[in-house]
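Visitor: Take this structure, written in structure tokens, and hold onto it; I'll ask about it next.
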Amino acid sequence: MFVAIGNTPRDYAWGSHTAIAELLGTEASGGPEAELWLGAHAGSPARVLAGEAGAPGDLRAFIAAAPERALGPDIARLGARLPFLLKVLAADAPLSLQAHPDLERARLGFAREEAEGVDVDAFDRNYRDAFHKPELIVALSETFDALCGFRPLEESLELVDELAAADAASRDAAPGALALLRARLSEDDGLRETVEWLLRDGRGGDTGEASWVVERVVALAPALAADQRSRFAPAYATVVDLAAHYPGDPGIVISLLLNRVTLRRGEALYLPAGNMHAYLRGLGIELMAESDNVLRGGLTPKHIDVGELVDVLDFSPLPVPYLHPERTGPGVDTFRPDVPDFVLHRVEAADAPGTPIPLEGPAIALCVSGDAAVAGAHGRATLARGASVYVTPDEGPLTVTGDGLVFVASVGAGYA
């Protein structure tokens, strides 16, 4: 069964006023349009636009009404829940620093807060459900900027030494701030110690030392960002940008400890549990496990639970977590993360006539350019640019024809 779906973009303040509308060929609202949710998450379930007579008005209700047909019997046995959430994300300003828990921690944290009677919508609630939230992002804009995962400690120390040298040479030098930061980083478990100290002391702590470090880093960053001899110039430019949006926030300094990456169109990142990250600017297709569990770590007025965050974070220095696609057939590239909750196929329809796209469960197809037809075992849907459709698992495998670019999100092998 093919069911046409759609939604209204979420109007978060960091969203672009034009990017989603231009991509999908729709009329812009005039306000920020940050995320278009195509899924069954309770926060913004997709609307059902067409389907069988009497179909419920949103995808969440549609699935609840007949879970075995909508999800397949194996997935339905786990609950009437779509395991993934597909989004179009358009950032015109930096998002918060954040990380997501693994499945075990999410289950324990949710149970604990339920037992404590914390309202699920409370400002200081950490776990709004019992699920993890790994995610991937594929760049649709020419460039997509992000922070993701901790740099090697040696790089962070080199960067801090460069800041300290600039501080010592400046007329208004305030000796000590960068030495203080370096000393923290050099301790045993220095990354964890530094992040926790910056967040605790930099958000109303007693000493004022972290705020002093933030002040010096922000003062030094513009000149260093303009010095193309420094390999850290993009990181300093990010400091300038973050300081304009979140003045005085300790997340500005934490950003220097993270990998700074610019994706080119078609490139992807995969953010597993514990990876601290922030999207800075760009348009992309985001696919994640369906969850609302976010532990924030700066660059936000929202709740930050420092203790819970540092327990969730993976402080292991990592390379940039690119997710390279597999060519699974003519015209079809498949992004397959290390979790079974979701898989993403990018289909160039003109190059993929007859290429089968297997379904391990339900799917959502979104056309972002041109026109395409998606066909399955029992039905077919024609997708103009900007159109999307929910596909029940009995339709698989799918084929895509036409001249469009289509993203097909589905469940990975072994989920149920």
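By convention in this document, the chains of the structure tokens carry letters A, B, ... by their order, each chain's residues are numbered from 1, and ligands are numbered from 1 in the order they are shown.
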Write out as an NGL selection string the residues lying within 7 Å of A:Pro358, counting only C-alpha atoms and excluding same-chain residues fewer than 6 positions away.
Guide: :A and (396-398)
Visitor: Could you save those same residues with N, CA, C and O atoms as a tab-separated table (two decimals), in the first residue's frame?
Guide:
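selection06.tsv was written with the following content:
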chain	number	residue	atom	x	y	z
A	396	GLY	N	7.41	-4.47	-0.92
A	396	GLY	CA	8.81	-4.65	-1.31
A	396	GLY	C	9.05	-5.89	-2.14
A	396	GLY	O	8.27	-6.84	-2.08
A	397	PRO	N	10.14	-5.87	-2.93
A	397	PRO	CA	11.06	-4.77	-3.15
A	397	PRO	C	10.46	-3.69	-4.05
A	397	PRO	O	9.49	-3.94	-4.77
A	398	LEU	N	11.05	-2.48	-3.98
A	398	LEU	CA	10.57	-1.35	-4.76
A	398	LEU	C	11.47	-1.11	-5.97
A	398	LEU	O	12.66	-1.44	-5.95
Visitor: Write out as a ChimeraX atom specification which residues come within 12 Å of A:Gly282 when counting only C-alpha atoms, dropping same-chain ones fewer than 4 positions away.
Guide: /A:14-16,18-20,34-35,88-95,137-146,261-265,278,286
Visitor: Write the residues of the preceding selection, restricted to N, CA and C atoms, as an mmCIF file, in the first residue's frame.
Guide:
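Generated file (result.cif):
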data_model
loop_
_atom_site.group_PDB
_atom_site.id
_atom_site.type_symbol
_atom_site.label_atom_id
_atom_site.label_comp_id
_atom_site.auth_asym_id
_atom_site.auth_seq_id
_atom_site.Cartn_x
_atom_site.Cartn_y
_atom_site.Cartn_z
ATOM 1 N N TRP A 14 16.614 28.557 14.581
ATOM 2 C CA TRP A 14 17.841 28.393 13.798
ATOM 3 C C TRP A 14 17.583 28.000 12.346
ATOM 4 N N GLY A 15 16.329 27.795 11.967
ATOM 5 C CA GLY A 15 16.010 27.298 10.641
ATOM 6 C C GLY A 15 16.160 28.337 9.547
ATOM 7 N N SER A 16 16.349 27.860 8.333
ATOM 8 C CA SER A 16 16.402 28.719 7.151
ATOM 9 C C SER A 16 14.999 29.196 6.785
ATOM 10 N N THR A 18 14.240 29.859 3.666
ATOM 11 C CA THR A 18 14.006 29.553 2.253
ATOM 12 C C THR A 18 14.389 28.143 1.817
ATOM 13 N N ALA A 19 15.326 27.491 2.495
ATOM 14 C CA ALA A 19 15.960 26.296 1.931
ATOM 15 C C ALA A 19 14.990 25.141 1.716
ATOM 16 N N ILE A 20 14.143 24.853 2.703
ATOM 17 C CA ILE A 20 13.213 23.721 2.554
ATOM 18 C C ILE A 20 12.204 24.004 1.448
ATOM 19 N N ALA A 34 12.864 24.901 9.913
ATOM 20 C CA ALA A 34 14.062 24.205 10.362
ATOM 21 C C ALA A 34 14.050 22.720 10.003
ATOM 22 N N GLU A 35 12.940 22.047 10.256
ATOM 23 C CA GLU A 35 12.880 20.602 10.058
ATOM 24 C C GLU A 35 11.506 20.200 9.534
ATOM 25 N N VAL A 88 13.864 16.475 6.695
ATOM 26 C CA VAL A 88 14.650 17.441 5.938
ATOM 27 C C VAL A 88 15.055 18.515 6.937
ATOM 28 N N LEU A 89 16.355 18.760 7.063
ATOM 29 C CA LEU A 89 16.873 19.710 8.045
ATOM 30 C C LEU A 89 17.544 20.874 7.324
ATOM 31 N N ALA A 90 17.217 22.097 7.738
ATOM 32 C CA ALA A 90 17.777 23.301 7.119
ATOM 33 C C ALA A 90 18.242 24.250 8.207
ATOM 34 N N ALA A 91 19.544 24.288 8.440
ATOM 35 C CA ALA A 91 20.120 25.117 9.504
ATOM 36 C C ALA A 91 20.723 26.382 8.917
ATOM 37 N N ASP A 92 20.272 27.521 9.401
ATOM 38 C CA ASP A 92 20.835 28.812 9.013
ATOM 39 C C ASP A 92 21.641 29.416 10.155
ATOM 40 N N ALA A 93 21.666 28.723 11.287
ATOM 41 C CA ALA A 93 22.417 29.127 12.474
ATOM 42 C C ALA A 93 22.747 27.859 13.252
ATOM 43 N N PRO A 94 23.733 27.906 14.141
ATOM 44 C CA PRO A 94 24.167 26.680 14.837
ATOM 45 C C PRO A 94 23.098 26.111 15.767
ATOM 46 N N LEU A 95 23.000 24.790 15.773
ATOM 47 C CA LEU A 95 22.168 24.082 16.741
ATOM 48 C C LEU A 95 22.959 23.867 18.028
ATOM 49 N N ILE A 137 23.202 12.111 8.637
ATOM 50 C CA ILE A 137 22.848 13.301 7.867
ATOM 51 C C ILE A 137 23.567 13.224 6.527
ATOM 52 N N VAL A 138 22.825 13.447 5.441
ATOM 53 C CA VAL A 138 23.384 13.496 4.093
ATOM 54 C C VAL A 138 23.228 14.924 3.584
ATOM 55 N N ALA A 139 24.320 15.542 3.133
ATOM 56 C CA ALA A 139 24.281 16.931 2.679
ATOM 57 C C ALA A 139 23.544 17.043 1.349
ATOM 58 N N LEU A 140 22.607 17.987 1.297
ATOM 59 C CA LEU A 140 21.936 18.341 0.050
ATOM 60 C C LEU A 140 22.428 19.672 -0.493
ATOM 61 N N SER A 141 22.868 20.561 0.392
ATOM 62 C CA SER A 141 23.447 21.828 -0.038
ATOM 63 C C SER A 141 24.877 21.596 -0.517
ATOM 64 N N GLU A 142 25.445 22.591 -1.189
ATOM 65 C CA GLU A 142 26.823 22.461 -1.686
ATOM 66 C C GLU A 142 27.783 22.137 -0.556
ATOM 67 N N THR A 143 27.553 22.756 0.616
ATOM 68 C CA THR A 143 28.340 22.444 1.803
ATOM 69 C C THR A 143 27.405 22.325 3.002
ATOM 70 N N PHE A 144 27.822 21.529 3.964
ATOM 71 C CA PHE A 144 27.078 21.347 5.201
ATOM 72 C C PHE A 144 28.107 21.288 6.317
ATOM 73 N N ASP A 145 28.038 22.227 7.258
ATOM 74 C CA ASP A 145 29.048 22.354 8.307
ATOM 75 C C ASP A 145 28.555 21.745 9.613
ATOM 76 N N ALA A 146 29.470 21.080 10.316
ATOM 77 C CA ALA A 146 29.093 20.404 11.552
ATOM 78 C C ALA A 146 30.302 20.252 12.469
ATOM 79 N N VAL A 261 33.933 19.780 10.546
ATOM 80 C CA VAL A 261 33.869 19.145 9.232
ATOM 81 C C VAL A 261 32.932 19.920 8.313
ATOM 82 N N THR A 262 33.297 19.975 7.047
ATOM 83 C CA THR A 262 32.425 20.499 6.000
ATOM 84 C C THR A 262 32.140 19.369 5.021
ATOM 85 N N LEU A 263 30.888 18.934 5.002
ATOM 86 C CA LEU A 263 30.464 17.937 4.022
ATOM 87 C C LEU A 263 30.219 18.605 2.679
ATOM 88 N N ARG A 264 30.533 17.911 1.613
ATOM 89 C CA ARG A 264 30.128 18.313 0.275
ATOM 90 C C ARG A 264 28.818 17.601 -0.063
ATOM 91 N N ARG A 265 28.127 18.124 -1.057
ATOM 92 C CA ARG A 265 26.832 17.532 -1.417
ATOM 93 C C ARG A 265 26.978 16.027 -1.657
ATOM 94 N N ALA A 278 27.094 19.023 16.753
ATOM 95 C CA ALA A 278 26.207 20.164 16.507
ATOM 96 C C ALA A 278 26.249 20.462 15.014
ATOM 97 N N GLU A 286 18.094 13.997 7.037
ATOM 98 C CA GLU A 286 18.471 13.395 8.309
ATOM 99 C C GLU A 286 17.574 12.178 8.556
#
Visitor: Can you tell me which residues surround A:Ala350 at a distance of at most 9 Å, considering only C-alpha atoms, apart from same-chain residues fewer than 5 positions away, and format the answer as a PyMOL selection string?
Guide: chain A and resi 331+372+400-405
Visitor: What is the distance between atom CA of A:Leu359 and atom CA of A:Asp292, in Å to one decimal?
Guide: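 According to the coordinates, atom CA of A:Leu359 and atom CA of A:Asp292 are separated by 25.2 Å.
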Visitor: If you measure from atom CA of A:Ala177 to atom CA of A:Gly274, what distance in Å do you get, rounded to one decimal?
Guide: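 Separating atom CA of A:Ala177 from atom CA of A:Gly274 is a distance of 28.7 Å.
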Visitor: Can you list every residue in stretch 126-295 of chain A that DSSP puts in strand (DSSP E), as a PyMOL selection string?
Guide: chain A and resi 135-139+143-150+258-264+268-271+277-289+295
Visitor: Save out the residues we just selected, N, CA and C atoms, as an mmCIF file, in the first residue's frame.
Guide:
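Okay, part15.cif is ready:
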data_model
loop_
_atom_site.group_PDB
_atom_site.id
_atom_site.type_symbol
_atom_site.label_atom_id
_atom_site.label_comp_id
_atom_site.auth_asym_id
_atom_site.auth_seq_id
_atom_site.Cartn_x
_atom_site.Cartn_y
_atom_site.Cartn_z
ATOM 1 N N GLU A 135 21.821 8.711 14.537
ATOM 2 C CA GLU A 135 21.294 9.456 13.385
ATOM 3 C C GLU A 135 22.359 9.601 12.312
ATOM 4 N N LEU A 136 21.904 9.823 11.088
ATOM 5 C CA LEU A 136 22.806 10.157 9.995
ATOM 6 C C LEU A 136 22.285 11.386 9.283
ATOM 7 N N ILE A 137 23.202 12.111 8.637
ATOM 8 C CA ILE A 137 22.848 13.301 7.867
ATOM 9 C C ILE A 137 23.567 13.224 6.527
ATOM 10 N N VAL A 138 22.825 13.447 5.441
ATOM 11 C CA VAL A 138 23.384 13.496 4.093
ATOM 12 C C VAL A 138 23.228 14.924 3.584
ATOM 13 N N ALA A 139 24.320 15.542 3.133
ATOM 14 C CA ALA A 139 24.281 16.931 2.679
ATOM 15 C C ALA A 139 23.544 17.043 1.349
ATOM 16 N N THR A 143 27.553 22.756 0.616
ATOM 17 C CA THR A 143 28.340 22.444 1.803
ATOM 18 C C THR A 143 27.405 22.325 3.002
ATOM 19 N N PHE A 144 27.822 21.529 3.964
ATOM 20 C CA PHE A 144 27.078 21.347 5.201
ATOM 21 C C PHE A 144 28.107 21.288 6.317
ATOM 22 N N ASP A 145 28.038 22.227 7.258
ATOM 23 C CA ASP A 145 29.048 22.354 8.307
ATOM 24 C C ASP A 145 28.555 21.745 9.613
ATOM 25 N N ALA A 146 29.470 21.080 10.316
ATOM 26 C CA ALA A 146 29.093 20.404 11.552
ATOM 27 C C ALA A 146 30.302 20.252 12.469
ATOM 28 N N LEU A 147 30.000 20.031 13.739
ATOM 29 C CA LEU A 147 30.964 19.578 14.737
ATOM 30 C C LEU A 147 30.570 18.160 15.116
ATOM 31 N N CYS A 148 31.554 17.257 15.262
ATOM 32 C CA CYS A 148 31.166 15.877 15.562
ATOM 33 C C CYS A 148 32.337 15.089 16.138
ATOM 34 N N GLY A 149 32.196 14.662 17.375
ATOM 35 C CA GLY A 149 33.190 13.811 18.008
ATOM 36 C C GLY A 149 34.442 14.565 18.422
ATOM 37 N N PHE A 150 35.134 14.061 19.426
ATOM 38 C CA PHE A 150 36.305 14.750 19.969
ATOM 39 C C PHE A 150 37.541 14.537 19.096
ATOM 40 N N LEU A 258 36.283 19.563 19.358
ATOM 41 C CA LEU A 258 35.549 18.652 18.487
ATOM 42 C C LEU A 258 36.060 18.735 17.051
ATOM 43 N N ASN A 259 35.855 17.670 16.301
ATOM 44 C CA ASN A 259 36.151 17.690 14.871
ATOM 45 C C ASN A 259 35.251 18.696 14.174
ATOM 46 N N ARG A 260 35.848 19.553 13.362
ATOM 47 C CA ARG A 260 35.098 20.531 12.560
ATOM 48 C C ARG A 260 35.115 20.030 11.121
ATOM 49 N N VAL A 261 33.933 19.780 10.546
ATOM 50 C CA VAL A 261 33.869 19.145 9.232
ATOM 51 C C VAL A 261 32.932 19.920 8.313
ATOM 52 N N THR A 262 33.297 19.975 7.047
ATOM 53 C CA THR A 262 32.425 20.499 6.000
ATOM 54 C C THR A 262 32.140 19.369 5.021
ATOM 55 N N LEU A 263 30.888 18.934 5.002
ATOM 56 C CA LEU A 263 30.464 17.937 4.022
ATOM 57 C C LEU A 263 30.219 18.605 2.679
ATOM 58 N N ARG A 264 30.533 17.911 1.613
ATOM 59 C CA ARG A 264 30.128 18.313 0.275
ATOM 60 C C ARG A 264 28.818 17.601 -0.063
ATOM 61 N N ALA A 268 28.032 12.126 3.838
ATOM 62 C CA ALA A 268 27.193 11.836 5.006
ATOM 63 C C ALA A 268 28.035 11.651 6.253
ATOM 64 N N LEU A 269 27.424 11.946 7.397
ATOM 65 C CA LEU A 269 27.962 11.651 8.715
ATOM 66 C C LEU A 269 27.009 10.697 9.415
ATOM 67 N N TYR A 270 27.573 9.867 10.284
ATOM 68 C CA TYR A 270 26.759 9.015 11.143
ATOM 69 C C TYR A 270 27.147 9.297 12.583
ATOM 70 N N LEU A 271 26.173 9.659 13.403
ATOM 71 C CA LEU A 271 26.399 10.031 14.798
ATOM 72 C C LEU A 271 25.809 8.956 15.696
ATOM 73 N N HIS A 277 27.880 16.426 19.147
ATOM 74 C CA HIS A 277 27.845 17.018 17.819
ATOM 75 C C HIS A 277 26.953 18.250 17.805
ATOM 76 N N ALA A 278 27.094 19.023 16.753
ATOM 77 C CA ALA A 278 26.207 20.164 16.507
ATOM 78 C C ALA A 278 26.249 20.462 15.014
ATOM 79 N N TYR A 279 25.098 20.587 14.413
ATOM 80 C CA TYR A 279 25.035 21.046 13.028
ATOM 81 C C TYR A 279 25.114 22.569 13.032
ATOM 82 N N LEU A 280 25.908 23.105 12.132
ATOM 83 C CA LEU A 280 26.176 24.541 12.128
ATOM 84 C C LEU A 280 25.419 25.283 11.027
ATOM 85 N N ARG A 281 25.450 24.736 9.832
ATOM 86 C CA ARG A 281 24.772 25.419 8.728
ATOM 87 C C ARG A 281 24.687 24.477 7.544
ATOM 88 N N GLY A 282 23.522 24.468 6.881
ATOM 89 C CA GLY A 282 23.379 23.683 5.670
ATOM 90 C C GLY A 282 22.034 22.981 5.592
ATOM 91 N N LEU A 283 21.803 22.346 4.456
ATOM 92 C CA LEU A 283 20.566 21.626 4.165
ATOM 93 C C LEU A 283 20.887 20.157 3.986
ATOM 94 N N GLY A 284 20.114 19.287 4.619
ATOM 95 C CA GLY A 284 20.404 17.866 4.503
ATOM 96 C C GLY A 284 19.195 16.988 4.750
ATOM 97 N N ILE A 285 19.362 15.732 4.391
ATOM 98 C CA ILE A 285 18.399 14.682 4.734
ATOM 99 C C ILE A 285 18.918 14.012 5.993
ATOM 100 N N GLU A 286 18.094 13.997 7.037
ATOM 101 C CA GLU A 286 18.471 13.395 8.309
ATOM 102 C C GLU A 286 17.574 12.178 8.556
ATOM 103 N N LEU A 287 18.195 11.091 8.996
ATOM 104 C CA LEU A 287 17.447 9.880 9.319
ATOM 105 C C LEU A 287 17.944 9.368 10.661
ATOM 106 N N MET A 288 17.018 9.012 11.525
ATOM 107 C CA MET A 288 17.372 8.639 12.895
ATOM 108 C C MET A 288 16.419 7.587 13.430
ATOM 109 N N ALA A 289 16.836 6.946 14.513
ATOM 110 C CA ALA A 289 15.899 6.135 15.268
ATOM 111 C C ALA A 289 14.863 7.060 15.899
ATOM 112 N N LEU A 295 20.627 14.897 25.197
ATOM 113 C CA LEU A 295 21.393 15.467 26.308
ATOM 114 C C LEU A 295 22.206 16.616 25.738
#
Visitor: Please give the complete set of residues from stretch 198-303 of chain A that DSSP, run on the backbone, assigns to helix (DSSP H, G or I), formatted as an NGL selection string.
Guide: :A and (198-201 or 209-225 or 233-245 or 251-257)
Visitor: Excluding same-chain residues fewer than 4 positions from A:Ala130, what lies within 8 Å of it counting only C-alpha atoms, as a short mmCIF file (atom, residue, chain, number, x, y, z; two decimals) with all heavy atoms, in the first residue's frame?
Guide:
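Output (selection35.cif):
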data_model
loop_
_atom_site.label_atom_id
_atom_site.label_comp_id
_atom_site.auth_asym_id
_atom_site.auth_seq_id
_atom_site.Cartn_x
_atom_site.Cartn_y
_atom_site.Cartn_z
N LEU A 103 20.88 2.44 23.91
CA LEU A 103 19.57 1.87 24.21
C LEU A 103 19.44 1.50 25.69
O LEU A 103 18.41 1.78 26.32
CB LEU A 103 19.33 0.64 23.33
CG LEU A 103 17.92 0.07 23.29
CD1 LEU A 103 16.89 1.14 22.92
CD2 LEU A 103 17.86 -1.09 22.29
N ALA A 106 19.06 4.66 27.79
CA ALA A 106 17.75 5.26 27.56
C ALA A 106 16.67 4.52 28.34
O ALA A 106 15.80 5.14 28.95
CB ALA A 106 17.43 5.27 26.07
N ARG A 107 16.71 3.19 28.33
CA ARG A 107 15.71 2.41 29.05
C ARG A 107 15.80 2.66 30.55
O ARG A 107 14.78 2.88 31.23
CB ARG A 107 15.90 0.93 28.75
CG ARG A 107 15.47 0.52 27.35
CD ARG A 107 15.90 -0.90 27.02
NE ARG A 107 15.38 -1.34 25.72
CZ ARG A 107 15.83 -2.39 25.06
NH1 ARG A 107 16.81 -3.14 25.58
NH2 ARG A 107 15.32 -2.73 23.89
N LEU A 108 17.02 2.66 31.07
CA LEU A 108 17.20 2.88 32.51
C LEU A 108 16.82 4.30 32.90
O LEU A 108 16.16 4.53 33.92
CB LEU A 108 18.65 2.59 32.90
CG LEU A 108 19.10 1.13 32.82
CD1 LEU A 108 20.60 1.02 33.06
CD2 LEU A 108 18.33 0.27 33.81
N GLY A 109 17.25 5.28 32.10
CA GLY A 109 16.95 6.67 32.41
C GLY A 109 15.46 6.97 32.35
O GLY A 109 14.92 7.68 33.21
N PHE A 110 14.79 6.43 31.36
CA PHE A 110 13.35 6.63 31.23
C PHE A 110 12.62 6.01 32.42
O PHE A 110 11.73 6.64 33.02
CB PHE A 110 12.85 6.04 29.92
CG PHE A 110 11.37 6.19 29.70
CD1 PHE A 110 10.84 7.43 29.36
CD2 PHE A 110 10.51 5.11 29.84
CE1 PHE A 110 9.47 7.57 29.14
CE2 PHE A 110 9.16 5.25 29.64
CZ PHE A 110 8.63 6.49 29.29
N ALA A 111 12.99 4.79 32.78
CA ALA A 111 12.34 4.11 33.91
C ALA A 111 12.57 4.89 35.21
O ALA A 111 11.66 5.02 36.03
CB ALA A 111 12.86 2.68 34.03
N SER A 291 13.15 8.76 18.40
CA SER A 291 13.33 9.05 19.82
C SER A 291 13.43 10.55 20.00
O SER A 291 13.75 11.29 19.07
CB SER A 291 14.59 8.38 20.36
OG SER A 291 14.87 8.80 21.68
#
Visitor: Leaving out A:Thr328 and any residue of its chain fewer than 5 positions from it, which residues lie within 9 Å of it when counting only C-alpha atoms, given as a list in words?
Guide: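 Result of the neighbour search: Asp333, Thr334, His345, Thr355 and Ile357 of chain A.
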